[in-house]
Amino acid sequence: MDHQDKVNQSKKTNLFIILGGIFLTNAILAEIIGVKIFSGEQTLGLNPAGWTFFDSYVLDFNLTAGAVIWPVVFITTDIINEYFGKKGVRKISFITAGLIVYVFIVISLVTQLPPAGFWIEVNATDASGAPFNIDYAFNTIFRQGLGIIIGSLIAFLLGQLLDVFVFQKLRKITGSKMIWLRATGSTLVSQFIDSFVVLGIAFYIFGNWSLQQIIAVGIINYIYKFSVAILLTPLLYLGHALIDRYLGKTLAEKMATEASRDTSFI
């Protein structure tokens with residue numbers, strides 16, 4: 001291996017580590033903070049929408065906090081797909097899934113630890129002086145149900161496999177042009193499945209939600225992901241420009257060409 005080959009290999013490794021780190025951090029963080037549901041309308045200073053679905057179920061734009069940073073995972077997936085192909089996305093996806101399981105195992109263990117008495121005492125009241133149980137709050141926030149964990153993992157892996165598959169199929173049609181089409185198209189297909197799979201498993205199979213609730217909330221989540229996928233397109237082009245500049249035109253084109261060859265689903 002000559003000097004230039006070593007330089008190129010080093011750049012490829014550094015790029016995968018950086019992209020993988022961004023992907024992994026945001027995916028795990030989204031899982032942890034996803035327990036909080038916030039009002040999209042109130043965040044924007046608007047009144048709740050109050051949409052009525054199926055003649056009885058009233059729905060507002062309430063979203064999981066994890067949805068705020070999940071678009072970062074979309075963009076990173078597409079960039080990894082562009083330069084490292086299906087193998088790159090599959091590798092980081094399975095590593096991330098394994099670490100998500102690890103995180104939930106650790107959380108389930110530490111929430112079983114008996115709280116120190118002084119910790120309970122010094123946090124016995126909230127800011128307004130009302131009684132407060134910090135151990136109960138800690139456990140409630142961090143401990144998620146088995147259904148949510150299983151649903152999240154299945155939806156995550158299925159969504160990633162669909163994303164890389166659709167992305168490569170569109171790339172075969174568009175070539176190196178129209179990055180926005182393959183990035184947005186793959187995200188719209190994969191997140192449509194993801195939005196309903198996680199809800200269906202976590203709250204229909206393992207929970208007590210009705211099918212109407214699953215459909216209604218899934219639609220809201222998908223509308224958000226659909227909108228953000230389009231709005232973040234300029235960031236995708238910026239990411240590509242920075243990476244191409246770092247790699248150099250020749251290496252960037254070579255990696256993209258090699259990445260586009262495998263269009264199989266698995």
# chains A, B, ... in the order shown; residues from 1 in each chain; ligands from 1
$ residues_around --residues "region 2-13 of chain A" --least-positions-apart "2" --cutoff "8 Å" --atoms "only C-alpha atoms" --output "ChimeraX atom specification"
/A:15-17,246-247,251
$ select_by_dssp --residues "region 32-109 of chain A" --states "alpha helix (DSSP H)" --output "PyMOL selection string"
chain A and resi 32-33+40-43+66-109
$ select_by_dssp --residues "region 57-184 of chain A" --states "strand (DSSP E or B)" --output "list in words"
Tyr57, Val58, Leu59, Asn62, Leu63, Thr64, Thr125 and Pro131 of chain A
$ residues_around --residues "Ile230 (chain A)" --least-positions-apart "2" --cutoff "12 Å" --atoms "only C-alpha atoms" --output "PDB file with N, CA, C and O atoms, in the first residue's frame"
ATOM      1  N   PRO A  71     -34.538  13.303  12.947  1.00  0.00           N
ATOM      2  CA  PRO A  71     -34.139  13.695  11.586  1.00  0.00           C
ATOM      3  C   PRO A  71     -32.627  13.674  11.372  1.00  0.00           C
ATOM      4  O   PRO A  71     -32.162  13.484  10.245  1.00  0.00           O
ATOM      5  N   PHE A  74     -31.915  10.413  10.113  1.00  0.00           N
ATOM      6  CA  PHE A  74     -32.282  10.287   8.698  1.00  0.00           C
ATOM      7  C   PHE A  74     -31.130  10.737   7.805  1.00  0.00           C
ATOM      8  O   PHE A  74     -30.713  10.033   6.884  1.00  0.00           O
ATOM      9  N   ILE A  75     -30.650  11.954   8.083  1.00  0.00           N
ATOM     10  CA  ILE A  75     -29.606  12.542   7.244  1.00  0.00           C
ATOM     11  C   ILE A  75     -28.331  11.708   7.296  1.00  0.00           C
ATOM     12  O   ILE A  75     -27.716  11.412   6.261  1.00  0.00           O
ATOM     13  N   ILE A 179     -29.701  14.107  -5.407  1.00  0.00           N
ATOM     14  CA  ILE A 179     -29.519  13.585  -4.054  1.00  0.00           C
ATOM     15  C   ILE A 179     -30.805  13.739  -3.251  1.00  0.00           C
ATOM     16  O   ILE A 179     -31.182  12.859  -2.478  1.00  0.00           O
ATOM     17  N   TRP A 180     -31.487  14.871  -3.444  1.00  0.00           N
ATOM     18  CA  TRP A 180     -32.695  15.148  -2.676  1.00  0.00           C
ATOM     19  C   TRP A 180     -33.768  14.093  -2.906  1.00  0.00           C
ATOM     20  O   TRP A 180     -34.510  13.744  -1.982  1.00  0.00           O
ATOM     21  N   LEU A 181     -33.846  13.555  -4.126  1.00  0.00           N
ATOM     22  CA  LEU A 181     -34.889  12.589  -4.449  1.00  0.00           C
ATOM     23  C   LEU A 181     -34.675  11.267  -3.730  1.00  0.00           C
ATOM     24  O   LEU A 181     -35.587  10.720  -3.110  1.00  0.00           O
ATOM     25  N   ARG A 182     -33.463  10.731  -3.813  1.00  0.00           N
ATOM     26  CA  ARG A 182     -33.231   9.445  -3.161  1.00  0.00           C
ATOM     27  C   ARG A 182     -33.206   9.563  -1.635  1.00  0.00           C
ATOM     28  O   ARG A 182     -33.635   8.652  -0.934  1.00  0.00           O
ATOM     29  N   ALA A 183     -32.718  10.706  -1.120  1.00  0.00           N
ATOM     30  CA  ALA A 183     -32.697  10.894   0.329  1.00  0.00           C
ATOM     31  C   ALA A 183     -34.108  11.058   0.886  1.00  0.00           C
ATOM     32  O   ALA A 183     -34.504  10.379   1.832  1.00  0.00           O
ATOM     33  N   THR A 184     -34.875  11.948   0.262  1.00  0.00           N
ATOM     34  CA  THR A 184     -36.245  12.185   0.728  1.00  0.00           C
ATOM     35  C   THR A 184     -37.127  10.978   0.460  1.00  0.00           C
ATOM     36  O   THR A 184     -37.926  10.574   1.315  1.00  0.00           O
ATOM     37  N   GLY A 185     -36.993  10.388  -0.716  1.00  0.00           N
ATOM     38  CA  GLY A 185     -37.823   9.230  -1.066  1.00  0.00           C
ATOM     39  C   GLY A 185     -37.601   8.058  -0.134  1.00  0.00           C
ATOM     40  O   GLY A 185     -38.561   7.415   0.326  1.00  0.00           O
ATOM     41  N   SER A 186     -36.341   7.759   0.176  1.00  0.00           N
ATOM     42  CA  SER A 186     -36.048   6.636   1.068  1.00  0.00           C
ATOM     43  C   SER A 186     -36.562   6.907   2.474  1.00  0.00           C
ATOM     44  O   SER A 186     -37.085   6.011   3.149  1.00  0.00           O
ATOM     45  N   THR A 187     -36.445   8.154   2.923  1.00  0.00           N
ATOM     46  CA  THR A 187     -36.926   8.511   4.259  1.00  0.00           C
ATOM     47  C   THR A 187     -38.441   8.416   4.348  1.00  0.00           C
ATOM     48  O   THR A 187     -38.984   7.908   5.333  1.00  0.00           O
ATOM     49  N   LEU A 188     -39.128   8.872   3.324  1.00  0.00           N
ATOM     50  CA  LEU A 188     -40.594   8.853   3.347  1.00  0.00           C
ATOM     51  C   LEU A 188     -41.133   7.423   3.389  1.00  0.00           C
ATOM     52  O   LEU A 188     -42.107   7.136   4.082  1.00  0.00           O
ATOM     53  N   ILE A 223     -46.531  12.870   9.429  1.00  0.00           N
ATOM     54  CA  ILE A 223     -46.599  14.231   8.880  1.00  0.00           C
ATOM     55  C   ILE A 223     -45.369  15.029   9.310  1.00  0.00           C
ATOM     56  O   ILE A 223     -44.758  15.745   8.512  1.00  0.00           O
ATOM     57  N   TYR A 224     -45.006  14.885  10.582  1.00  0.00           N
ATOM     58  CA  TYR A 224     -43.830  15.595  11.097  1.00  0.00           C
ATOM     59  C   TYR A 224     -42.561  15.139  10.371  1.00  0.00           C
ATOM     60  O   TYR A 224     -41.754  15.955   9.911  1.00  0.00           O
ATOM     61  N   LYS A 225     -42.373  13.818  10.271  1.00  0.00           N
ATOM     62  CA  LYS A 225     -41.167  13.281   9.641  1.00  0.00           C
ATOM     63  C   LYS A 225     -41.119  13.644   8.159  1.00  0.00           C
ATOM     64  O   LYS A 225     -40.046  13.936   7.615  1.00  0.00           O
ATOM     65  N   PHE A 226     -42.277  13.616   7.500  1.00  0.00           N
ATOM     66  CA  PHE A 226     -42.389  13.989   6.092  1.00  0.00           C
ATOM     67  C   PHE A 226     -41.930  15.436   5.898  1.00  0.00           C
ATOM     68  O   PHE A 226     -41.123  15.747   5.014  1.00  0.00           O
ATOM     69  N   SER A 227     -42.433  16.321   6.760  1.00  0.00           N
ATOM     70  CA  SER A 227     -42.124  17.748   6.640  1.00  0.00           C
ATOM     71  C   SER A 227     -40.651  18.026   6.903  1.00  0.00           C
ATOM     72  O   SER A 227     -39.994  18.768   6.167  1.00  0.00           O
ATOM     73  N   VAL A 228     -40.129  17.411   7.980  1.00  0.00           N
ATOM     74  CA  VAL A 228     -38.738  17.662   8.353  1.00  0.00           C
ATOM     75  C   VAL A 228     -37.777  17.103   7.308  1.00  0.00           C
ATOM     76  O   VAL A 228     -36.743  17.713   7.015  1.00  0.00           O
ATOM     77  N   LEU A 232     -34.971  19.622   5.713  1.00  0.00           N
ATOM     78  CA  LEU A 232     -33.559  19.413   5.997  1.00  0.00           C
ATOM     79  C   LEU A 232     -32.729  19.084   4.759  1.00  0.00           C
ATOM     80  O   LEU A 232     -31.527  18.820   4.871  1.00  0.00           O
ATOM     81  N   THR A 233     -33.344  19.102   3.594  1.00  0.00           N
ATOM     82  CA  THR A 233     -32.614  18.805   2.362  1.00  0.00           C
ATOM     83  C   THR A 233     -31.374  19.671   2.167  1.00  0.00           C
ATOM     84  O   THR A 233     -30.316  19.164   1.764  1.00  0.00           O
ATOM     85  N   PRO A 234     -31.438  20.986   2.450  1.00  0.00           N
ATOM     86  CA  PRO A 234     -30.213  21.802   2.301  1.00  0.00           C
ATOM     87  C   PRO A 234     -29.057  21.309   3.176  1.00  0.00           C
ATOM     88  O   PRO A 234     -27.904  21.379   2.762  1.00  0.00           O
ATOM     89  N   LEU A 235     -29.357  20.800   4.383  1.00  0.00           N
ATOM     90  CA  LEU A 235     -28.305  20.287   5.255  1.00  0.00           C
ATOM     91  C   LEU A 235     -27.658  19.036   4.651  1.00  0.00           C
ATOM     92  O   LEU A 235     -26.469  18.786   4.836  1.00  0.00           O
ATOM     93  N   LEU A 236     -28.460  18.258   3.943  1.00  0.00           N
ATOM     94  CA  LEU A 236     -27.935  17.070   3.275  1.00  0.00           C
ATOM     95  C   LEU A 236     -26.912  17.461   2.219  1.00  0.00           C
ATOM     96  O   LEU A 236     -25.835  16.861   2.122  1.00  0.00           O
TER      97      LEU A 236
END
$ residues_around --residues "region 201-217 of chain A" --least-positions-apart "3" --cutoff "6 Å" --atoms "only C-alpha atoms" --output "number ranges by chain"
A: 147-148, 151, 198, 220
$ atom_distance --atom1 "CA of Asn14 (chain A)" --atom2 "CA of Leu158 (chain A)"
27.1 Å
$ residues_around --residues "Trp70 (chain A)" --least-positions-apart "5" --cutoff "9 Å" --atoms "only C-alpha atoms" --output "JSON, numbers by chain"
{"A": [26, 27, 30, 225]}
$ write_last_selection --atoms "N, CA and C atoms" --output "PDB file, in the first residue's frame"
ATOM      1  N   ASN A  26     -27.253  10.034  18.407  1.00  0.00           N
ATOM      2  CA  ASN A  26     -28.606  10.574  18.255  1.00  0.00           C
ATOM      3  C   ASN A  26     -29.679   9.486  18.322  1.00  0.00           C
ATOM      4  N   ALA A  27     -29.374   8.292  17.801  1.00  0.00           N
ATOM      5  CA  ALA A  27     -30.345   7.199  17.856  1.00  0.00           C
ATOM      6  C   ALA A  27     -30.605   6.760  19.294  1.00  0.00           C
ATOM      7  N   ALA A  30     -32.367   9.580  21.252  1.00  0.00           N
ATOM      8  CA  ALA A  30     -33.781   9.664  20.887  1.00  0.00           C
ATOM      9  C   ALA A  30     -34.604   8.609  21.625  1.00  0.00           C
ATOM     10  N   LYS A 225     -42.373  13.818  10.271  1.00  0.00           N
ATOM     11  CA  LYS A 225     -41.167  13.281   9.641  1.00  0.00           C
ATOM     12  C   LYS A 225     -41.119  13.644   8.159  1.00  0.00           C
TER      13      LYS A 225
END
$ closest_residue --among "A:Ile154, A:Ala65, A:Ala259, A:Val35" --to "Thr140 (chain A)" --atoms "only C-alpha atoms"
A:Val35
